[in-house]
Amino acid sequence: PTRILPSTASVKENSPLGTLVAELSADDEDVNSVHSFTIDSTSTFRIDNRSQLVLNGSIDYEMRSMFSIHVQVTDEANLTLTQTITITVIDVDEAPVISGLSTTNVAKVGRVFDIKFSASDPEGFEPMDCVATNGIRGVSFPSWLSLGRPAVNFALLGTPTRANEGTVKVNITCNDNSDHYVSSIITIFVESSLQIDKNSTFIEIASPAATVSVT
């Protein structure tokens with residue numbers, strides 16, 4: 001064999017395992033030669049069906065944008081040729097990522113509830129935008145909650161009252177000003193901030209109706 005084709009190839013990042021990268025062939029003075037191909041030790045690519053270069057591992061453009069692999073071709077006379085093939089990873093616009101959100105949260109009545117989270121774009125270029133809505137379709141967003149961006153991170157904050165006790169589901173959606181977005185639903189349990197000692201004694205007062213705790 002005198003040359004391996006192609007000398008370059010490309011594949012999109014995040015492509016599934018088994019994706020065909022290139023169909024290999026070889027130039028040979030003996031036009032009837034049958035060739036088989038092997039590659040050097042790599043976990044990212046492999047050879048299938050003697051001549052198909054396929055993806056064998058995950059690839060991320062932001063981590064590595066190019067690979068150089070050594071391909072060897074062998075003919076039926078056991079003659080070989082080794083050649084370097086360059087594989088370019090094609091960047092794909094990816095959905096943003098939300099970090100720092102807990103799926104379950106507790107808010108105390110009369111106390112400031114404040115959770116911070118970040119949203120980032122894997123490409124690192126687009127400005128991020130996030131909105132918060134009720135996690136239950138058709139239900140209004142709680143009036144005591146608001147979503148802001150006081151600094152680098154976003155913040156979901158507010159102070160619930162006793163009227164707000166219960167369970168709230170919040171859907172946070174972030175986008176990178178393109179067609180890509182990510183959503184995360186969190187649950188907030190709004191509870192009374194009153195801590196009652198289990199050894200407390202209760203005395204009922206007739207009028208007005210009330211209960212006081214005496215320790």
# chains A, B, ... in the order shown; residues from 1 in each chain; ligands from 1
>>> closest_atom_pairs(of="stretch 47-121 of chain A", to="stretch 170-177 of chain A", cutoff="9 Å", atoms="only C-alpha atoms", output="JSON lines")
{"residue": "A:Ala95", "atom": "CA", "partner": "A:Asn175", "partner_atom": "CA", "distance": 7.5}
{"residue": "A:Pro96", "atom": "CA", "partner": "A:Asn175", "partner_atom": "CA", "distance": 6.4}
{"residue": "A:Val97", "atom": "CA", "partner": "A:Cys174", "partner_atom": "CA", "distance": 8.1}
{"residue": "A:Ile98", "atom": "CA", "partner": "A:Cys174", "partner_atom": "CA", "distance": 7.6}
{"residue": "A:Ala119", "atom": "CA", "partner": "A:Cys174", "partner_atom": "CA", "distance": 7.0}
{"residue": "A:Ser120", "atom": "CA", "partner": "A:Asp176", "partner_atom": "CA", "distance": 8.3}
{"residue": "A:Asp121", "atom": "CA", "partner": "A:Asp176", "partner_atom": "CA", "distance": 6.7}
>>> select_by_dssp(residues="stretch 115-158 of chain A", states="strand (DSSP E)", output="PyMOL selection string")
chain A and resi 115-120+129-134+145-148+154-158
>>> write_last_selection(atoms="C-alpha atoms", output="mmCIF file, in the first residue's frame")
data_model
loop_
_atom_site.group_PDB
_atom_site.id
_atom_site.type_symbol
_atom_site.label_atom_id
_atom_site.label_comp_id
_atom_site.auth_asym_id
_atom_site.auth_seq_id
_atom_site.Cartn_x
_atom_site.Cartn_y
_atom_site.Cartn_z
ATOM 1 C CA ILE A 115 -31.003 30.327 47.297
ATOM 2 C CA LYS A 116 -28.329 31.117 44.766
ATOM 3 C CA PHE A 117 -27.480 29.211 41.615
ATOM 4 C CA SER A 118 -25.441 29.677 38.486
ATOM 5 C CA ALA A 119 -26.197 29.141 34.818
ATOM 6 C CA SER A 120 -23.443 28.736 32.276
ATOM 7 C CA ASP A 129 -31.041 34.628 30.877
ATOM 8 C CA CYS A 130 -33.193 32.814 33.453
ATOM 9 C CA VAL A 131 -36.885 33.047 34.345
ATOM 10 C CA ALA A 132 -38.887 31.462 37.169
ATOM 11 C CA THR A 133 -42.480 30.274 36.838
ATOM 12 C CA ASN A 134 -44.788 28.085 38.863
ATOM 13 C CA LEU A 145 -40.851 35.030 45.540
ATOM 14 C CA SER A 146 -38.707 36.804 42.994
ATOM 15 C CA LEU A 147 -35.774 35.885 40.775
ATOM 16 C CA GLY A 148 -32.915 38.316 40.459
ATOM 17 C CA PHE A 154 -28.857 34.214 40.119
ATOM 18 C CA ALA A 155 -30.873 34.345 43.346
ATOM 19 C CA LEU A 156 -34.385 33.130 44.134
ATOM 20 C CA LEU A 157 -35.470 35.013 47.229
ATOM 21 C CA GLY A 158 -38.394 36.252 49.276
#
>>> residues_around(residues="A:Phe37", least_positions_apart="2", cutoff="10 Å", atoms="only C-alpha atoms", output="PyMOL selection string")
chain A and resi 4+24-26+35+39+46-53+71-75+80-82
>>> atom_distance(atom1="atom CA of A:Arg3", atom2="atom CA of A:Ile90")
25.4 Å
>>> closest_residue(among="A:Ser58, A:Val31, A:Phe141, A:Asn105", to="A:Leu17", atoms="only C-alpha atoms")
A:Ser58
>>> closest_residue(among="A:Leu20, A:Met128, A:Val190, A:Val109", to="A:Asn56", atoms="only C-alpha atoms")
A:Leu20
>>> residues_around(residues="A:Lys169", least_positions_apart="6", cutoff="8 Å", atoms="only C-alpha atoms", output="ChimeraX atom specification")
/A:134-136,185-188
>>> closest_residue(among="A:Val11, A:Arg162, A:Arg64, A:Ser183", to="A:Leu101", atoms="only C-alpha atoms")
A:Ser183
>>> atom_distance(atom1="atom CA of A:Pro6", atom2="atom CA of A:Asp93")
26.9 Å
>>> closest_residue(among="A:Leu55, A:Glu62, A:Thr159, A:Lys12", to="A:Arg111", atoms="only C-alpha atoms")
A:Thr159
>>> closest_residue(among="A:Ser140, A:Thr19, A:Thr88, A:Asn78", to="A:Val54", atoms="only C-alpha atoms")
A:Thr19
>>> atom_distance(atom1="atom CA of A:Lys108", atom2="atom CA of A:Leu194")
8.8 Å
>>> closest_residue(among="A:Val168, A:Ser7, A:Glu76, A:Pro1", to="A:Val139", atoms="only C-alpha atoms")
A:Val168
>>> decode(residues="stretch 73-164 of chain A", atoms="C-alpha atoms", output="PDB file, in the first residue's frame")
ATOM      1  CA  VAL A  73      -3.057  -0.804   6.553  1.00  0.00           C
ATOM      2  CA  THR A  74      -2.094  -4.371   5.705  1.00  0.00           C
ATOM      3  CA  ASP A  75      -2.634  -6.164   2.410  1.00  0.00           C
ATOM      4  CA  GLU A  76      -2.963  -9.891   1.736  1.00  0.00           C
ATOM      5  CA  ALA A  77       0.808 -10.141   1.241  1.00  0.00           C
ATOM      6  CA  ASN A  78       1.250  -8.819   4.767  1.00  0.00           C
ATOM      7  CA  LEU A  79       2.777  -5.602   3.466  1.00  0.00           C
ATOM      8  CA  THR A  80       1.993  -2.627   5.671  1.00  0.00           C
ATOM      9  CA  LEU A  81       1.886   1.144   5.690  1.00  0.00           C
ATOM     10  CA  THR A  82       1.362   3.410   8.690  1.00  0.00           C
ATOM     11  CA  GLN A  83      -0.043   6.898   8.290  1.00  0.00           C
ATOM     12  CA  THR A  84      -1.300   9.637  10.591  1.00  0.00           C
ATOM     13  CA  ILE A  85      -4.915  10.714  10.185  1.00  0.00           C
ATOM     14  CA  THR A  86      -6.132  13.973  11.697  1.00  0.00           C
ATOM     15  CA  ILE A  87      -9.659  14.027  13.076  1.00  0.00           C
ATOM     16  CA  THR A  88     -11.282  17.391  13.750  1.00  0.00           C
ATOM     17  CA  VAL A  89     -14.028  17.686  16.374  1.00  0.00           C
ATOM     18  CA  ILE A  90     -16.854  19.953  15.204  1.00  0.00           C
ATOM     19  CA  ASP A  91     -18.195  22.351  17.825  1.00  0.00           C
ATOM     20  CA  VAL A  92     -21.941  22.082  18.459  1.00  0.00           C
ATOM     21  CA  ASP A  93     -23.991  24.750  20.230  1.00  0.00           C
ATOM     22  CA  GLU A  94     -24.961  23.052  23.483  1.00  0.00           C
ATOM     23  CA  ALA A  95     -27.695  23.715  25.995  1.00  0.00           C
ATOM     24  CA  PRO A  96     -26.758  25.736  29.096  1.00  0.00           C
ATOM     25  CA  VAL A  97     -26.137  24.128  32.475  1.00  0.00           C
ATOM     26  CA  ILE A  98     -27.705  25.034  35.822  1.00  0.00           C
ATOM     27  CA  SER A  99     -25.547  24.458  38.897  1.00  0.00           C
ATOM     28  CA  GLY A 100     -26.110  24.841  42.619  1.00  0.00           C
ATOM     29  CA  LEU A 101     -29.850  24.164  42.782  1.00  0.00           C
ATOM     30  CA  SER A 102     -31.237  21.759  45.350  1.00  0.00           C
ATOM     31  CA  THR A 103     -34.428  19.991  44.290  1.00  0.00           C
ATOM     32  CA  THR A 104     -35.856  20.220  47.840  1.00  0.00           C
ATOM     33  CA  ASN A 105     -35.769  23.401  49.929  1.00  0.00           C
ATOM     34  CA  VAL A 106     -37.347  24.717  53.141  1.00  0.00           C
ATOM     35  CA  ALA A 107     -38.535  28.300  53.660  1.00  0.00           C
ATOM     36  CA  LYS A 108     -39.490  29.542  57.125  1.00  0.00           C
ATOM     37  CA  VAL A 109     -42.392  31.919  57.654  1.00  0.00           C
ATOM     38  CA  GLY A 110     -41.156  35.443  58.405  1.00  0.00           C
ATOM     39  CA  ARG A 111     -37.586  34.660  57.438  1.00  0.00           C
ATOM     40  CA  VAL A 112     -35.737  35.579  54.273  1.00  0.00           C
ATOM     41  CA  PHE A 113     -35.528  32.677  51.861  1.00  0.00           C
ATOM     42  CA  ASP A 114     -32.520  32.960  49.588  1.00  0.00           C
ATOM     43  CA  ILE A 115     -31.003  30.327  47.297  1.00  0.00           C
ATOM     44  CA  LYS A 116     -28.329  31.117  44.766  1.00  0.00           C
ATOM     45  CA  PHE A 117     -27.480  29.211  41.615  1.00  0.00           C
ATOM     46  CA  SER A 118     -25.441  29.677  38.486  1.00  0.00           C
ATOM     47  CA  ALA A 119     -26.197  29.141  34.818  1.00  0.00           C
ATOM     48  CA  SER A 120     -23.443  28.736  32.276  1.00  0.00           C
ATOM     49  CA  ASP A 121     -23.040  28.042  28.594  1.00  0.00           C
ATOM     50  CA  PRO A 122     -20.533  25.308  27.648  1.00  0.00           C
ATOM     51  CA  GLU A 123     -19.241  27.470  24.802  1.00  0.00           C
ATOM     52  CA  GLY A 124     -18.753  30.366  27.208  1.00  0.00           C
ATOM     53  CA  PHE A 125     -19.912  33.055  24.797  1.00  0.00           C
ATOM     54  CA  GLU A 126     -23.627  33.710  25.034  1.00  0.00           C
ATOM     55  CA  PRO A 127     -25.100  35.823  27.860  1.00  0.00           C
ATOM     56  CA  MET A 128     -27.417  33.827  30.089  1.00  0.00           C
ATOM     57  CA  ASP A 129     -31.041  34.628  30.877  1.00  0.00           C
ATOM     58  CA  CYS A 130     -33.193  32.814  33.453  1.00  0.00           C
ATOM     59  CA  VAL A 131     -36.885  33.047  34.345  1.00  0.00           C
ATOM     60  CA  ALA A 132     -38.887  31.462  37.169  1.00  0.00           C
ATOM     61  CA  THR A 133     -42.480  30.274  36.838  1.00  0.00           C
ATOM     62  CA  ASN A 134     -44.788  28.085  38.863  1.00  0.00           C
ATOM     63  CA  GLY A 135     -43.909  24.447  38.417  1.00  0.00           C
ATOM     64  CA  ILE A 136     -47.609  23.601  38.165  1.00  0.00           C
ATOM     65  CA  ARG A 137     -49.153  24.667  34.880  1.00  0.00           C
ATOM     66  CA  GLY A 138     -51.945  27.188  35.201  1.00  0.00           C
ATOM     67  CA  VAL A 139     -50.984  28.271  38.726  1.00  0.00           C
ATOM     68  CA  SER A 140     -49.675  31.771  39.373  1.00  0.00           C
ATOM     69  CA  PHE A 141     -46.115  32.297  40.527  1.00  0.00           C
ATOM     70  CA  PRO A 142     -45.936  32.978  44.297  1.00  0.00           C
ATOM     71  CA  SER A 143     -46.061  36.720  44.940  1.00  0.00           C
ATOM     72  CA  TRP A 144     -43.565  36.468  47.802  1.00  0.00           C
ATOM     73  CA  LEU A 145     -40.851  35.030  45.540  1.00  0.00           C
ATOM     74  CA  SER A 146     -38.707  36.804  42.994  1.00  0.00           C
ATOM     75  CA  LEU A 147     -35.774  35.885  40.775  1.00  0.00           C
ATOM     76  CA  GLY A 148     -32.915  38.316  40.459  1.00  0.00           C
ATOM     77  CA  ARG A 149     -29.255  38.536  39.608  1.00  0.00           C
ATOM     78  CA  PRO A 150     -27.623  40.662  42.298  1.00  0.00           C
ATOM     79  CA  ALA A 151     -24.116  39.530  41.318  1.00  0.00           C
ATOM     80  CA  VAL A 152     -22.570  36.834  39.167  1.00  0.00           C
ATOM     81  CA  ASN A 153     -25.068  34.217  40.300  1.00  0.00           C
ATOM     82  CA  PHE A 154     -28.857  34.214  40.119  1.00  0.00           C
ATOM     83  CA  ALA A 155     -30.873  34.345  43.346  1.00  0.00           C
ATOM     84  CA  LEU A 156     -34.385  33.130  44.134  1.00  0.00           C
ATOM     85  CA  LEU A 157     -35.470  35.013  47.229  1.00  0.00           C
ATOM     86  CA  GLY A 158     -38.394  36.252  49.276  1.00  0.00           C
ATOM     87  CA  THR A 159     -40.003  36.234  52.721  1.00  0.00           C
ATOM     88  CA  PRO A 160     -43.110  34.040  53.084  1.00  0.00           C
ATOM     89  CA  THR A 161     -45.968  34.778  55.467  1.00  0.00           C
ATOM     90  CA  ARG A 162     -48.244  32.346  57.288  1.00  0.00           C
ATOM     91  CA  ALA A 163     -50.660  32.615  54.378  1.00  0.00           C
ATOM     92  CA  ASN A 164     -47.957  31.091  52.178  1.00  0.00           C
TER      93      ASN A 164
END
